[in-house]
file protein29.cif (mmCIF, C-alpha atoms)
data_data
#
loop_
_atom_site.label_atom_id
_atom_site.label_comp_id
_atom_site.auth_asym_id
_atom_site.auth_seq_id
_atom_site.Cartn_x
_atom_site.Cartn_y
_atom_site.Cartn_z
CA GLY A 24 0.00 0.00 0.00
CA ARG A 25 0.87 3.66 -0.13
CA VAL A 26 3.22 5.13 2.47
CA ALA A 27 2.41 8.65 3.64
CA LYS A 28 3.99 10.99 6.17
CA VAL A 29 1.74 11.16 9.24
CA HIS A 30 3.52 13.76 11.32
CA GLU A 31 6.67 15.87 11.41
CA PHE A 32 7.99 17.80 14.41
CA VAL A 33 11.18 19.37 15.73
CA ALA A 34 12.44 16.96 18.39
CA HIS A 35 15.65 18.74 19.44
CA PRO A 36 17.44 22.03 18.66
CA THR A 37 20.45 19.95 17.54
CA ASN A 38 20.86 16.75 15.51
CA VAL A 39 18.61 13.87 16.57
CA THR A 40 21.00 10.98 17.17
CA SER A 41 18.68 8.23 18.41
CA LEU A 42 15.04 7.17 18.38
CA ALA A 43 12.91 4.36 19.82
CA LEU A 44 9.25 3.45 19.34
CA GLY A 45 7.28 1.96 22.23
CA PRO A 46 6.97 -1.80 21.48
CA SER A 47 3.55 -2.31 23.06
CA SER A 48 1.31 0.54 21.96
CA CYS A 49 3.51 1.95 19.15
CA GLN A 50 2.06 5.29 20.26
CA VAL A 51 5.02 6.65 22.19
CA ILE A 52 8.39 7.79 20.80
CA ALA A 53 11.64 8.60 22.56
CA THR A 54 14.30 10.76 20.92
CA GLY A 55 17.87 11.55 21.95
CA GLY A 56 20.02 14.35 20.63
CA GLU A 57 23.39 16.02 20.50
CA ASP A 58 21.91 18.43 23.05
CA LYS A 59 22.42 15.60 25.63
CA ARG A 60 18.68 15.37 26.28
CA VAL A 61 16.06 12.62 25.99
CA ASN A 62 12.53 13.62 24.99
CA VAL A 63 9.40 11.45 25.09
CA TRP A 64 6.46 12.12 22.75
CA ARG A 65 3.01 10.82 21.98
CA VAL A 66 2.58 9.96 18.30
CA GLY A 67 0.85 12.86 16.60
CA SER A 68 1.83 15.45 19.22
CA SER A 69 4.48 18.16 18.88
CA SER A 70 4.73 18.70 22.63
CA ALA A 71 7.02 16.45 24.65
CA VAL A 72 5.42 14.45 27.45
CA TRP A 73 8.76 14.35 29.28
CA SER A 74 12.16 15.95 28.71
CA PHE A 75 15.14 14.53 30.59
CA GLY A 76 18.63 15.95 31.05
CA GLY A 77 21.59 14.56 32.92
CA HIS A 78 23.86 13.17 30.22
CA SER A 79 27.20 14.90 29.71
CA SER A 80 27.45 13.86 26.04
CA ALA A 81 25.21 13.13 23.06
CA VAL A 82 22.56 10.42 23.48
CA GLU A 83 23.46 7.55 21.15
CA LYS A 84 20.92 4.78 21.88
CA LEU A 85 17.45 4.33 23.43
CA CYS A 86 15.24 1.37 24.34
CA PHE A 87 11.89 0.85 26.09
CA ASP A 88 10.84 -2.03 28.29
CA ASN A 89 7.95 -4.07 26.89
CA GLU A 90 5.34 -2.31 29.05
CA GLU A 91 6.60 1.19 28.12
CA GLN A 92 7.00 2.02 31.81
CA THR A 93 10.77 2.38 31.66
CA LEU A 94 13.18 3.93 29.16
CA VAL A 95 16.95 3.45 29.00
CA SER A 96 19.42 5.73 27.23
CA GLY A 97 23.09 5.26 26.36
CA SER A 98 25.45 8.14 25.69
CA GLN A 99 28.55 8.92 23.69
CA GLY A 100 30.50 9.03 26.93
CA GLY A 101 29.50 5.47 27.88
CA ALA A 102 26.94 6.17 30.63
CA LEU A 103 23.43 4.69 30.78
CA LYS A 104 20.41 6.31 32.40
CA VAL A 105 17.10 4.71 33.38
CA TYR A 106 13.87 6.75 33.37
CA ASP A 107 10.51 6.17 35.06
CA LEU A 108 7.91 7.14 32.44
CA ASN A 109 5.06 7.17 34.97
CA GLU A 110 6.70 9.66 37.32
CA GLY A 111 8.79 11.45 34.69
CA LYS A 112 12.08 11.16 36.55
CA VAL A 113 15.55 9.68 36.27
CA LEU A 114 15.59 6.44 38.26
CA ARG A 115 19.22 5.44 37.96
CA SER A 116 22.55 6.24 36.38
CA LEU A 117 24.66 3.26 35.27
CA PRO A 118 28.29 4.19 34.58
CA GLY A 119 30.54 1.46 33.26
CA HIS A 120 31.44 1.72 29.60
CA ARG A 121 34.56 3.68 28.67
CA SER A 122 33.27 4.83 25.27
CA ASN A 123 30.17 5.23 23.09
CA VAL A 124 27.18 3.01 23.84
CA THR A 125 26.45 1.60 20.39
CA CYS A 126 23.55 -0.80 21.11
CA LEU A 127 20.94 -1.51 23.78
CA ASP A 128 18.17 -4.03 24.43
CA TYR A 129 15.70 -4.56 27.30
CA HIS A 130 14.97 -8.05 28.59
CA PRO A 131 11.51 -9.33 27.51
CA PHE A 132 10.46 -10.28 31.07
CA GLY A 133 12.90 -9.12 33.75
CA ASP A 134 14.41 -5.79 34.73
CA PHE A 135 17.64 -6.40 32.84
CA VAL A 136 19.34 -4.43 30.08
CA VAL A 137 22.17 -5.45 27.77
CA SER A 138 24.49 -2.81 26.35
CA GLY A 139 27.32 -2.89 23.83
CA SER A 140 29.98 -0.26 23.35
CA MET A 141 32.90 0.93 21.28
CA ASP A 142 35.04 -0.21 24.23
CA THR A 143 34.37 -3.80 22.91
CA ASN A 144 32.55 -4.88 26.09
CA VAL A 145 29.03 -6.25 26.52
CA LYS A 146 27.39 -5.57 29.89
CA ILE A 147 24.29 -7.05 31.50
CA TRP A 148 22.64 -4.65 33.97
CA ASP A 149 20.20 -5.33 36.78
CA VAL A 150 18.05 -2.20 36.65
CA ARG A 151 16.60 -2.65 40.14
CA LYS A 152 19.95 -3.24 41.81
CA LYS A 153 21.60 -0.44 39.79
CA ALA A 154 24.49 -2.74 39.00
CA CYS A 155 26.35 -4.45 36.19
CA ILE A 156 25.98 -8.17 36.93
CA GLN A 157 27.98 -9.54 34.00
CA THR A 158 30.57 -8.30 31.51
CA TYR A 159 31.39 -10.25 28.37
CA LYS A 160 34.77 -9.37 26.87
CA ALA A 161 33.62 -10.99 23.70
CA HIS A 162 34.79 -8.95 20.73
CA GLU A 163 37.97 -7.36 19.41
CA HIS A 164 36.26 -4.27 17.96
CA ALA A 165 33.22 -2.08 18.65
CA LEU A 166 29.86 -3.75 19.22
CA THR A 167 27.26 -3.33 16.47
CA GLU A 168 24.29 -5.18 17.97
CA VAL A 169 23.01 -6.84 21.16
CA LYS A 170 19.69 -8.67 21.39
CA PHE A 171 17.89 -10.81 23.95
CA SER A 172 16.12 -13.93 22.69
CA PRO A 173 12.29 -13.86 22.97
CA ASP A 174 12.33 -16.38 25.84
CA GLY A 175 14.90 -14.32 27.73
CA ARG A 176 17.38 -17.20 28.06
CA TRP A 177 20.04 -16.03 25.62
CA VAL A 178 21.67 -12.85 24.39
CA ALA A 179 23.22 -12.43 20.96
CA THR A 180 26.13 -10.01 20.42
CA ALA A 181 27.85 -8.82 17.25
CA GLY A 182 30.91 -6.68 16.61
CA LYS A 183 32.87 -4.99 13.86
CA ASP A 184 35.42 -7.81 14.13
CA GLY A 185 32.97 -9.85 12.03
CA SER A 186 31.99 -12.22 14.81
CA PHE A 187 28.61 -12.70 16.41
CA LYS A 188 28.00 -14.82 19.44
CA LEU A 189 25.26 -16.43 21.47
CA TRP A 190 25.44 -16.50 25.28
CA ASP A 191 23.48 -18.30 27.99
CA LEU A 192 22.35 -15.66 30.49
CA THR A 193 22.06 -17.97 33.50
CA SER A 194 25.52 -19.52 33.24
CA SER A 195 27.19 -16.67 31.29
CA ARG A 196 28.51 -19.41 29.02
CA LEU A 197 29.33 -18.87 25.35
CA LEU A 198 27.02 -21.21 23.42
CA GLN A 199 28.19 -20.55 19.89
CA SER A 200 30.34 -18.18 17.88
CA PHE A 201 29.94 -17.42 14.19
CA GLN A 202 32.45 -15.61 11.98
CA LEU A 203 31.58 -13.68 8.83
CA PRO A 204 33.95 -13.32 5.87
CA LYS A 205 36.77 -10.81 6.27
CA ALA A 206 35.87 -7.09 6.26
CA SER A 207 32.16 -7.72 6.93
CA HIS A 208 30.08 -7.60 10.10
CA VAL A 209 26.56 -8.05 11.43
CA CYS A 210 24.54 -4.81 11.50
CA ASN A 211 21.27 -6.09 12.95
CA ILE A 212 19.91 -9.25 14.62
CA CYS A 213 16.32 -10.44 14.92
CA PHE A 214 14.96 -13.59 16.59
CA ASN A 215 11.89 -15.45 15.36
CA PRO A 216 9.48 -15.37 18.35
CA ALA A 217 7.89 -18.74 17.49
CA GLU A 218 10.81 -20.84 16.25
CA LEU A 219 14.49 -21.27 17.12
CA LEU A 220 15.63 -19.11 14.23
CA MET A 221 17.75 -15.97 14.13
CA ALA A 222 18.19 -13.58 11.21
CA ALA A 223 21.22 -11.35 10.75
CA ALA A 224 21.61 -8.40 8.38
CA THR A 225 25.22 -7.94 7.32
CA SER A 226 27.48 -5.31 5.79
CA GLU A 227 28.13 -7.67 2.86
CA ARG A 228 24.62 -6.83 1.56
CA LEU A 229 23.24 -10.18 2.70
CA GLY A 230 20.66 -11.47 5.12
CA ARG A 231 21.69 -14.67 6.89
CA LEU A 232 19.43 -17.15 8.70
CA TYR A 233 20.60 -19.39 11.55
CA ASP A 234 19.10 -22.44 13.22
CA MET A 235 19.43 -21.91 16.99
CA GLU A 236 18.61 -25.52 17.81
CA GLY A 237 21.62 -26.91 15.99
CA PHE A 238 23.57 -23.62 15.92
CA THR A 239 24.08 -23.78 12.15
CA GLY A 240 23.60 -21.43 9.24
CA ILE A 241 20.72 -22.41 6.95
CA ALA A 242 20.60 -19.56 4.44
#
call {"tool": "encode", "arguments": {"input": "protein29.cif", "output": "structure tokens"}}
result
Amino acid sequence: GRVAKVHEFVAHPTNVTSLALGPSSCQVIATGGEDKRVNVWRVGSSSAVWSFGGHSSAVEKLCFDNEEQTLVSGSQGGALKVYDLNEGKVLRSLPGHRSNVTCLDYHPFGDFVVSGSMDTNVKIWDVRKKACIQTYKAHEHALTEVKFSPDGRWVATAGKDGSFKLWDLTSSRLLQSFQLPKASHVCNICFNPAELLMAAATSERLGRLYDMEGFTGIA
């Protein structure tokens, strides 16, 4: 069908560097900018519901929890912040990365967040305890993607070193590692919610499909 522009608005006085759409209602948008602020909007409105400061550098990544009650931001300086969208306040600051936060994902059930950074580290955060509970030193170059599996048991990570890996969250054990051809890397990962399949979009202009039951590539 035809695609039409529904709404346009000025989100920040500087470049908009990140955006996330609420996964449940698809009626709430979060934006982050070079102005170091995070703004939350209702779809169709040009007035921000909430506007949060606190970062000391540009906001690079954003993600909602599944209920759209909590928002997490990651900055160019490596800090994460957690926001309560009911009360409109900063809940927690999570320092830990030494460089740009390049990817974020919120756990499908629990209060956990995974973050990847240019510092090559992957961190699992317990939002309630305000603490990093696991660090995976998994890649040789910057992270390009992190993603929890739909059942919340695994986390997939990918870096500019061309590798992408699957980890067991409970044991922190590396389940499988895949390596792309030289000079290519995974840009985006998506799990099938109904089957043990994972799709990866790559810089080699390909989409790759993996069987997570046998940990093999199938396309």
call {"tool": "resolve_selection", "arguments": {"input": "protein29.cif", "expression": "the PyMOL selection byres ((chain A and resi 198) around 12)", "output": "VMD selection string"}}
result
chain A and resid 176 to 180 187 to 197 199 to 201 235 to 239
call {"tool": "resolve_selection", "arguments": {"input": "protein29.cif", "expression": "the PyMOL selection byres ((chain A and resi 146-149) around 9)", "output": "number ranges by chain"}}
result
A: 117, 119-120, 133-140, 144-145, 150-160, 192
call {"tool": "atom_distance", "arguments": {"input": "protein29.cif", "atom1": "atom CA of A:Cys126", "atom2": "atom CA of A:Asp58"}}
result
19.4 Å
call {"tool": "atom_distance", "arguments": {"input": "protein29.cif", "atom1": "atom CA of A:Ser98", "atom2": "atom CA of A:Ser70"}}
result
23.5 Å
call {"tool": "atom_distance", "arguments": {"input": "protein29.cif", "atom1": "atom CA of A:Gly175", "atom2": "atom CA of A:Thr225"}}
result
23.7 Å
call {"tool": "residues_around", "arguments": {"input": "protein29.cif", "residues": "A:Glu218", "least_positions_apart": "4", "cutoff": "12 Å", "atoms": "all atoms listed in the file", "output": "list in words"}}
result
Ser172, Pro173, Asp174, Cys213, Phe214, Ala222, Tyr233, Asp234, Met235 and Glu236 of chain A
call {"tool": "axis_aligned_box", "arguments": {"input": "protein29.cif", "around": "stretch 84-100 of chain A", "padding_each_side": "4 Å", "output": "lines of an AutoDock Vina configuration file"}}
result
center_x = 17.9
center_y = 2.5
center_z = 26.8
size_x = 33.2
size_y = 21.1
size_z = 17.9
call {"tool": "residues_around", "arguments": {"input": "protein29.cif", "residues": "A:Val95", "least_positions_apart": "2", "cutoff": "8 Å", "atoms": "only C-alpha atoms", "output": "list in words"}}
result
Leu85, Cys86, Phe87, Thr93, Gly97, Leu103, Lys104, Val105 and Tyr106 of chain A
call {"tool": "closest_residue", "arguments": {"input": "protein29.cif", "among": "A:Glu57, A:Asp142, A:Glu227, A:Glu91", "to": "A:Ser79", "atoms": "only C-alpha atoms"}}
result
A:Glu57
call {"tool": "resolve_selection", "arguments": {"input": "protein29.cif", "expression": "the PyMOL selection byres ((chain A and resi 164) around 7)", "output": "PDB file with C-alpha atoms, in the coordinates of the input"}}
result
ATOM      1  CA  THR A 143      34.370  -3.800  22.910  1.00  0.00           C
ATOM      2  CA  HIS A 162      34.790  -8.950  20.730  1.00  0.00           C
ATOM      3  CA  GLU A 163      37.970  -7.360  19.410  1.00  0.00           C
ATOM      4  CA  ALA A 165      33.220  -2.080  18.650  1.00  0.00           C
ATOM      5  CA  LEU A 166      29.860  -3.750  19.220  1.00  0.00           C
ATOM      6  CA  GLY A 182      30.910  -6.680  16.610  1.00  0.00           C
ATOM      7  CA  LYS A 183      32.870  -4.990  13.860  1.00  0.00           C
ATOM      8  CA  ASP A 184      35.420  -7.810  14.130  1.00  0.00           C
TER       9      ASP A 184
END
call {"tool": "residues_near_point", "arguments": {"input": "protein29.cif", "point": "(5.1, 13.4, 21.2)", "cutoff": "9 Å", "atoms": "only C-alpha atoms", "output": "number ranges by chain"}}
result
A: 32, 34, 50-53, 62-73
call {"tool": "closest_residue", "arguments": {"input": "protein29.cif", "among": "A:Ala102, A:Ser207, A:Leu232, A:Arg60", "to": "A:Leu219", "atoms": "only C-alpha atoms"}}
result
A:Leu232
call {"tool": "decode", "arguments": {"input": "protein29.cif", "residues": "stretch 84-202 of chain A", "atoms": "C-alpha atoms", "output": "short mmCIF file (atom, residue, chain, number, x, y, z; two decimals), in the first residue's frame"}}
result
data_model
loop_
_atom_site.label_atom_id
_atom_site.label_comp_id
_atom_site.auth_asym_id
_atom_site.auth_seq_id
_atom_site.Cartn_x
_atom_site.Cartn_y
_atom_site.Cartn_z
CA LYS A 84 20.92 4.78 21.88
CA LEU A 85 17.45 4.33 23.43
CA CYS A 86 15.24 1.37 24.34
CA PHE A 87 11.89 0.85 26.09
CA ASP A 88 10.84 -2.03 28.29
CA ASN A 89 7.95 -4.07 26.89
CA GLU A 90 5.34 -2.31 29.05
CA GLU A 91 6.60 1.19 28.12
CA GLN A 92 7.00 2.02 31.81
CA THR A 93 10.77 2.38 31.66
CA LEU A 94 13.18 3.93 29.16
CA VAL A 95 16.95 3.45 29.00
CA SER A 96 19.42 5.73 27.23
CA GLY A 97 23.09 5.26 26.36
CA SER A 98 25.45 8.14 25.69
CA GLN A 99 28.55 8.92 23.69
CA GLY A 100 30.50 9.03 26.93
CA GLY A 101 29.50 5.47 27.88
CA ALA A 102 26.94 6.17 30.63
CA LEU A 103 23.43 4.69 30.78
CA LYS A 104 20.41 6.31 32.40
CA VAL A 105 17.10 4.71 33.38
CA TYR A 106 13.87 6.75 33.37
CA ASP A 107 10.51 6.17 35.06
CA LEU A 108 7.91 7.14 32.44
CA ASN A 109 5.06 7.17 34.97
CA GLU A 110 6.70 9.66 37.32
CA GLY A 111 8.79 11.45 34.69
CA LYS A 112 12.08 11.16 36.55
CA VAL A 113 15.55 9.68 36.27
CA LEU A 114 15.59 6.44 38.26
CA ARG A 115 19.22 5.44 37.96
CA SER A 116 22.55 6.24 36.38
CA LEU A 117 24.66 3.26 35.27
CA PRO A 118 28.29 4.19 34.58
CA GLY A 119 30.54 1.46 33.26
CA HIS A 120 31.44 1.72 29.60
CA ARG A 121 34.56 3.68 28.67
CA SER A 122 33.27 4.83 25.27
CA ASN A 123 30.17 5.23 23.09
CA VAL A 124 27.18 3.01 23.84
CA THR A 125 26.45 1.60 20.39
CA CYS A 126 23.55 -0.80 21.11
CA LEU A 127 20.94 -1.51 23.78
CA ASP A 128 18.17 -4.03 24.43
CA TYR A 129 15.70 -4.56 27.30
CA HIS A 130 14.97 -8.05 28.59
CA PRO A 131 11.51 -9.33 27.51
CA PHE A 132 10.46 -10.28 31.07
CA GLY A 133 12.90 -9.12 33.75
CA ASP A 134 14.41 -5.79 34.73
CA PHE A 135 17.64 -6.40 32.84
CA VAL A 136 19.34 -4.43 30.08
CA VAL A 137 22.17 -5.45 27.77
CA SER A 138 24.49 -2.81 26.35
CA GLY A 139 27.32 -2.89 23.83
CA SER A 140 29.98 -0.26 23.35
CA MET A 141 32.90 0.93 21.28
CA ASP A 142 35.04 -0.21 24.23
CA THR A 143 34.37 -3.80 22.91
CA ASN A 144 32.55 -4.88 26.09
CA VAL A 145 29.03 -6.25 26.52
CA LYS A 146 27.39 -5.57 29.89
CA ILE A 147 24.29 -7.05 31.50
CA TRP A 148 22.64 -4.65 33.97
CA ASP A 149 20.20 -5.33 36.78
CA VAL A 150 18.05 -2.20 36.65
CA ARG A 151 16.60 -2.65 40.14
CA LYS A 152 19.95 -3.24 41.81
CA LYS A 153 21.60 -0.44 39.79
CA ALA A 154 24.49 -2.74 39.00
CA CYS A 155 26.35 -4.45 36.19
CA ILE A 156 25.98 -8.17 36.93
CA GLN A 157 27.98 -9.54 34.00
CA THR A 158 30.57 -8.30 31.51
CA TYR A 159 31.39 -10.25 28.37
CA LYS A 160 34.77 -9.37 26.87
CA ALA A 161 33.62 -10.99 23.70
CA HIS A 162 34.79 -8.95 20.73
CA GLU A 163 37.97 -7.36 19.41
CA HIS A 164 36.26 -4.27 17.96
CA ALA A 165 33.22 -2.08 18.65
CA LEU A 166 29.86 -3.75 19.22
CA THR A 167 27.26 -3.33 16.47
CA GLU A 168 24.29 -5.18 17.97
CA VAL A 169 23.01 -6.84 21.16
CA LYS A 170 19.69 -8.67 21.39
CA PHE A 171 17.89 -10.81 23.95
CA SER A 172 16.12 -13.93 22.69
CA PRO A 173 12.29 -13.86 22.97
CA ASP A 174 12.33 -16.38 25.84
CA GLY A 175 14.90 -14.32 27.73
CA ARG A 176 17.38 -17.20 28.06
CA TRP A 177 20.04 -16.03 25.62
CA VAL A 178 21.67 -12.85 24.39
CA ALA A 179 23.22 -12.43 20.96
CA THR A 180 26.13 -10.01 20.42
CA ALA A 181 27.85 -8.82 17.25
CA GLY A 182 30.91 -6.68 16.61
CA LYS A 183 32.87 -4.99 13.86
CA ASP A 184 35.42 -7.81 14.13
CA GLY A 185 32.97 -9.85 12.03
CA SER A 186 31.99 -12.22 14.81
CA PHE A 187 28.61 -12.70 16.41
CA LYS A 188 28.00 -14.82 19.44
CA LEU A 189 25.26 -16.43 21.47
CA TRP A 190 25.44 -16.50 25.28
CA ASP A 191 23.48 -18.30 27.99
CA LEU A 192 22.35 -15.66 30.49
CA THR A 193 22.06 -17.97 33.50
CA SER A 194 25.52 -19.52 33.24
CA SER A 195 27.19 -16.67 31.29
CA ARG A 196 28.51 -19.41 29.02
CA LEU A 197 29.33 -18.87 25.35
CA LEU A 198 27.02 -21.21 23.42
CA GLN A 199 28.19 -20.55 19.89
CA SER A 200 30.34 -18.18 17.88
CA PHE A 201 29.94 -17.42 14.19
CA GLN A 202 32.45 -15.61 11.98
#
